[in-house]
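Colleague: Sharing a structure here in structure tokens format.
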Amino acid sequence: MKFMLIWRATDEAWANLGDVDFAKMMELTGRFNDEMIRAGVLLAAEGLDDPAQGVVVDFSAEPPIVTDGPYGEAKELFNGFYLINVASKEEAVEWAKRSPIKAAGFKTEIRRVPTIDEFPQDNEWIQKERAWREANGQL
């Protein structure tokens, strides 16, 4: 089963991360990544740029409204993710508990990623996606 481990942090926690030695943080993260690679569970992992550098496309109007930066009311921002392939949600939780960033204000949300097989196979768009995935070695 695929699970996404989503890193979240409060603004305060993210600001406090600036006090951590960057080389040390990279070493801890690198070791964690290496553990997952050696265990054969890591499919993808990415961090995200500063939310102030992003834009928001809001669909509550027509045409959609585009504004700079994250929503102002956001208390926790999505800062990066791991995509892993493990046997169970419990195993995903165990990997999340080993996260190298362990401080107040940091959380990891765990969400299962459904497979294409869980969707109606007689749907033309699912059939097109399946054909694309097969052609690109994703199935």
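Please note that chains go A, B, ... in the order of the structure tokens, that every chain numbers its residues from 1, and that ligands are numbered from 1 in the order shown.
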For Val86 (chain A), please output as a tab-separated table (two decimals) with all heavy atoms, in the first residue's frame all residues within 8 Å (counting only C-alpha atoms; exclusion window: fewer than 2 positions along the same chain).

Modeller:
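Here's the written file part-v7.tsv:
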```tsv
chain	number	residue	atom	x	y	z
A	1	MET	N	0.84	-1.18	0.00
A	1	MET	CA	0.00	0.00	0.00
A	1	MET	C	0.88	1.24	0.00
A	1	MET	O	1.90	1.28	0.67
A	1	MET	CB	-0.87	0.04	1.25
A	1	MET	CG	-2.01	-0.96	1.24
A	1	MET	SD	-3.07	-0.71	2.67
A	1	MET	CE	-2.26	-1.81	3.82
A	2	LYS	N	0.43	2.24	-0.74
A	2	LYS	CA	1.16	3.51	-0.76
A	2	LYS	C	0.56	4.45	0.28
A	2	LYS	O	-0.66	4.51	0.44
A	2	LYS	CB	1.04	4.18	-2.13
A	2	LYS	CG	1.81	3.53	-3.21
A	2	LYS	CD	1.67	4.37	-4.47
A	2	LYS	CE	2.12	3.59	-5.68
A	2	LYS	NZ	1.83	4.34	-6.92
A	3	PHE	N	1.44	5.16	0.95
A	3	PHE	CA	1.04	6.18	1.91
A	3	PHE	C	1.87	7.42	1.67
A	3	PHE	O	3.06	7.33	1.34
A	3	PHE	CB	1.26	5.72	3.36
A	3	PHE	CG	0.27	4.69	3.81
A	3	PHE	CD1	0.53	3.35	3.62
A	3	PHE	CD2	-0.91	5.07	4.43
A	3	PHE	CE1	-0.37	2.38	4.03
A	3	PHE	CE2	-1.82	4.11	4.85
A	3	PHE	CZ	-1.55	2.76	4.65
A	41	VAL	N	11.20	0.96	0.86
A	41	VAL	CA	9.86	1.54	0.98
A	41	VAL	C	9.74	2.92	0.35
A	41	VAL	O	8.62	3.37	0.08
A	41	VAL	CB	9.39	1.60	2.46
A	41	VAL	CG1	9.37	0.21	3.07
A	41	VAL	CG2	10.22	2.57	3.28
A	84	ILE	N	5.65	6.52	0.35
A	84	ILE	CA	6.25	5.22	0.69
A	84	ILE	C	5.31	4.09	0.31
A	84	ILE	O	4.10	4.29	0.19
A	84	ILE	CB	6.62	5.14	2.20
A	84	ILE	CG1	5.38	5.30	3.09
A	84	ILE	CG2	7.67	6.19	2.55
A	84	ILE	CD1	5.65	5.09	4.58
A	88	SER	N	1.20	-1.77	5.58
A	88	SER	CA	0.03	-1.39	6.38
A	88	SER	C	0.13	0.06	6.86
A	88	SER	O	1.22	0.65	6.83
A	88	SER	CB	-0.09	-2.29	7.60
A	88	SER	OG	1.02	-2.06	8.46
A	89	LYS	N	-1.00	0.58	7.33
A	89	LYS	CA	-0.99	1.91	7.93
A	89	LYS	C	-0.09	1.93	9.16
A	89	LYS	O	0.62	2.91	9.41
A	89	LYS	CB	-2.41	2.35	8.29
A	89	LYS	CG	-2.44	3.73	8.91
A	89	LYS	CD	-3.81	4.36	9.08
A	89	LYS	CE	-4.88	3.49	9.58
A	89	LYS	NZ	-6.12	4.22	9.87
A	91	GLU	N	2.63	0.28	9.67
A	91	GLU	CA	4.03	0.41	9.25
A	91	GLU	C	4.33	1.85	8.82
A	91	GLU	O	5.40	2.38	9.13
A	91	GLU	CB	4.36	-0.56	8.12
A	91	GLU	CG	5.83	-0.56	7.76
A	91	GLU	CD	6.20	-1.55	6.68
A	91	GLU	OE1	5.35	-2.38	6.24
A	91	GLU	OE2	7.36	-1.51	6.24
A	92	ALA	N	3.38	2.50	8.15
A	92	ALA	CA	3.56	3.90	7.77
A	92	ALA	C	3.72	4.77	9.01
A	92	ALA	O	4.56	5.67	9.05
A	92	ALA	CB	2.37	4.38	6.93
```

Colleague: Do you have, as a Markdown table, the list of residues of region 71-111 of chain A lying at most 9 Å from region 24-36 of chain A, each with its nearest atom pair and that distance in Å to one decimal, counting only C-alpha atoms and ordered by chain then number?

Modeller:
```
| residue | atom | partner | partner_atom | distance |
| --- | --- | --- | --- | --- |
| A:Ile84 | CA | A:Met36 | CA | 8.4 |
| A:Trp95 | CA | A:Met36 | CA | 8.2 |
| A:Arg98 | CA | A:Phe32 | CA | 7.6 |
| A:Ser99 | CA | A:Phe32 | CA | 7.0 |
| A:Pro100 | CA | A:Leu28 | CA | 5.6 |
| A:Ile101 | CA | A:Thr29 | CA | 8.0 |
```

Colleague: Contacts between region 5-19 of chain A and region 44-134 of chain A, please, where a residue of region 44-134 of chain A counts if it comes within 8 Å (with only C-alpha atoms); show its shortest atom pair and distance in Å to one decimal, rows by chain and ascending number, as a Markdown table.

Modeller:
```
| residue | atom | partner | partner_atom | distance |
| --- | --- | --- | --- | --- |
| A:Lys75 | CA | A:Thr10 | CA | 5.9 |
| A:Glu76 | CA | A:Thr10 | CA | 4.5 |
| A:Leu77 | CA | A:Arg8 | CA | 5.4 |
| A:Phe78 | CA | A:Arg8 | CA | 4.7 |
| A:Asn79 | CA | A:Trp7 | CA | 5.5 |
| A:Gly80 | CA | A:Trp7 | CA | 5.2 |
| A:Phe81 | CA | A:Ile6 | CA | 4.5 |
| A:Tyr82 | CA | A:Leu5 | CA | 5.1 |
| A:Leu83 | CA | A:Leu5 | CA | 6.4 |
| A:Ile84 | CA | A:Leu5 | CA | 7.7 |
| A:Ala92 | CA | A:Leu5 | CA | 7.8 |
| A:Ala96 | CA | A:Leu5 | CA | 6.8 |
| A:Ala103 | CA | A:Ala13 | CA | 7.5 |
| A:Ala104 | CA | A:Ala13 | CA | 6.6 |
| A:Gly105 | CA | A:Ala13 | CA | 5.0 |
| A:Phe106 | CA | A:Ala9 | CA | 4.4 |
| A:Lys107 | CA | A:Arg8 | CA | 5.1 |
| A:Thr108 | CA | A:Trp7 | CA | 4.7 |
| A:Glu109 | CA | A:Ile6 | CA | 4.9 |
| A:Ile110 | CA | A:Leu5 | CA | 4.7 |
| A:Arg111 | CA | A:Leu5 | CA | 6.7 |
```

Colleague: Take the selection from the previous step and output its residues with N, CA and C atoms, as a short mmCIF file (atom, residue, chain, number, x, y, z; two decimals), in the first residue's frame.

Modeller:
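Output below, filename part_8.cif:
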```cif
data_model
loop_
_atom_site.label_atom_id
_atom_site.label_comp_id
_atom_site.auth_asym_id
_atom_site.auth_seq_id
_atom_site.Cartn_x
_atom_site.Cartn_y
_atom_site.Cartn_z
N LYS A 75 -2.75 27.77 9.80
CA LYS A 75 -2.03 27.61 11.07
C LYS A 75 -0.85 26.65 10.91
N GLU A 76 -0.99 25.71 10.00
CA GLU A 76 0.08 24.75 9.73
C GLU A 76 0.20 24.64 8.22
N LEU A 77 1.42 24.70 7.73
CA LEU A 77 1.64 24.62 6.30
C LEU A 77 2.26 23.28 5.93
N PHE A 78 1.95 22.82 4.75
CA PHE A 78 2.47 21.58 4.18
C PHE A 78 3.86 21.91 3.65
N ASN A 79 4.91 21.33 4.25
CA ASN A 79 6.29 21.71 3.94
C ASN A 79 7.06 20.68 3.13
N GLY A 80 6.54 19.49 3.00
CA GLY A 80 7.22 18.46 2.23
C GLY A 80 6.51 17.13 2.43
N PHE A 81 6.99 16.12 1.72
CA PHE A 81 6.33 14.83 1.82
C PHE A 81 7.28 13.68 1.50
N TYR A 82 6.88 12.52 1.96
CA TYR A 82 7.47 11.24 1.54
C TYR A 82 6.34 10.42 0.97
N LEU A 83 6.60 9.70 -0.10
CA LEU A 83 5.66 8.73 -0.64
C LEU A 83 6.32 7.37 -0.43
N ILE A 84 5.65 6.52 0.35
CA ILE A 84 6.25 5.22 0.69
C ILE A 84 5.31 4.09 0.31
N ALA A 92 3.38 2.50 8.15
CA ALA A 92 3.56 3.90 7.77
C ALA A 92 3.72 4.77 9.01
N ALA A 96 6.83 7.21 10.11
CA ALA A 96 6.61 8.61 10.46
C ALA A 96 7.19 8.95 11.82
N ALA A 103 10.23 18.10 16.86
CA ALA A 103 10.17 19.26 17.74
C ALA A 103 8.71 19.71 17.85
N ALA A 104 8.43 20.46 18.90
CA ALA A 104 7.07 20.98 19.09
C ALA A 104 6.67 21.79 17.87
N GLY A 105 5.44 21.60 17.42
CA GLY A 105 4.93 22.34 16.28
C GLY A 105 5.07 21.61 14.96
N PHE A 106 5.79 20.49 14.95
CA PHE A 106 5.94 19.68 13.74
C PHE A 106 5.04 18.46 13.83
N LYS A 107 4.38 18.14 12.74
CA LYS A 107 3.49 16.98 12.68
C LYS A 107 3.69 16.30 11.34
N THR A 108 3.36 15.03 11.30
CA THR A 108 3.34 14.30 10.04
C THR A 108 1.96 13.70 9.87
N GLU A 109 1.26 14.12 8.83
CA GLU A 109 -0.04 13.56 8.50
C GLU A 109 0.20 12.36 7.58
N ILE A 110 -0.55 11.28 7.80
CA ILE A 110 -0.39 10.06 7.01
C ILE A 110 -1.69 9.82 6.25
N ARG A 111 -1.56 9.73 4.92
CA ARG A 111 -2.74 9.51 4.08
C ARG A 111 -2.44 8.38 3.10
#
```

Colleague: Check which residues of region 6-119 of chain A sit at most 12 Å from region 129-136 of chain A using only C-alpha atoms, and return one row each with the closest pair of atoms and their distance in Å to one decimal, ordered by chain and rising number, as CSV.

Modeller:
```
residue,atom,partner,partner_atom,distance
A:Thr115,CA,A:Arg130,CA,10.5
A:Ile116,CA,A:Arg130,CA,7.3
A:Asp117,CA,A:Arg130,CA,9.0
A:Glu118,CA,A:Arg130,CA,11.9
A:Phe119,CA,A:Arg130,CA,10.7
```

Colleague: Write a file of the just-selected residues containing C-alpha atoms, as an mmCIF file, in the first residue's frame.

Modeller:
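Once everything was written out, this is out-v5.cif:
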```cif
data_model
loop_
_atom_site.group_PDB
_atom_site.id
_atom_site.type_symbol
_atom_site.label_atom_id
_atom_site.label_comp_id
_atom_site.auth_asym_id
_atom_site.auth_seq_id
_atom_site.Cartn_x
_atom_site.Cartn_y
_atom_site.Cartn_z
ATOM 1 C CA THR A 115 -4.512 2.603 -6.471
ATOM 2 C CA ILE A 116 -6.063 2.851 -9.917
ATOM 3 C CA ASP A 117 -7.567 -0.603 -9.311
ATOM 4 C CA GLU A 118 -9.911 0.907 -6.712
ATOM 5 C CA PHE A 119 -11.738 3.025 -9.304
#
```

Colleague: Could you tell me, as number ranges by chain, which residues of region 34-117 of chain A DSSP assigns to strand (DSSP E or B) when given the backbone?

Modeller: A: 42-47, 55-58, 65-68, 76-85, 106-113

Colleague: For a test of reading the model, state the distance in Å between CA of Gln127 (chain A) and CA of Gly40 (chain A), rounded to one decimal.

Modeller: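 Between CA of Gln127 (chain A) and CA of Gly40 (chain A) the gap works out to 29.1 Å.
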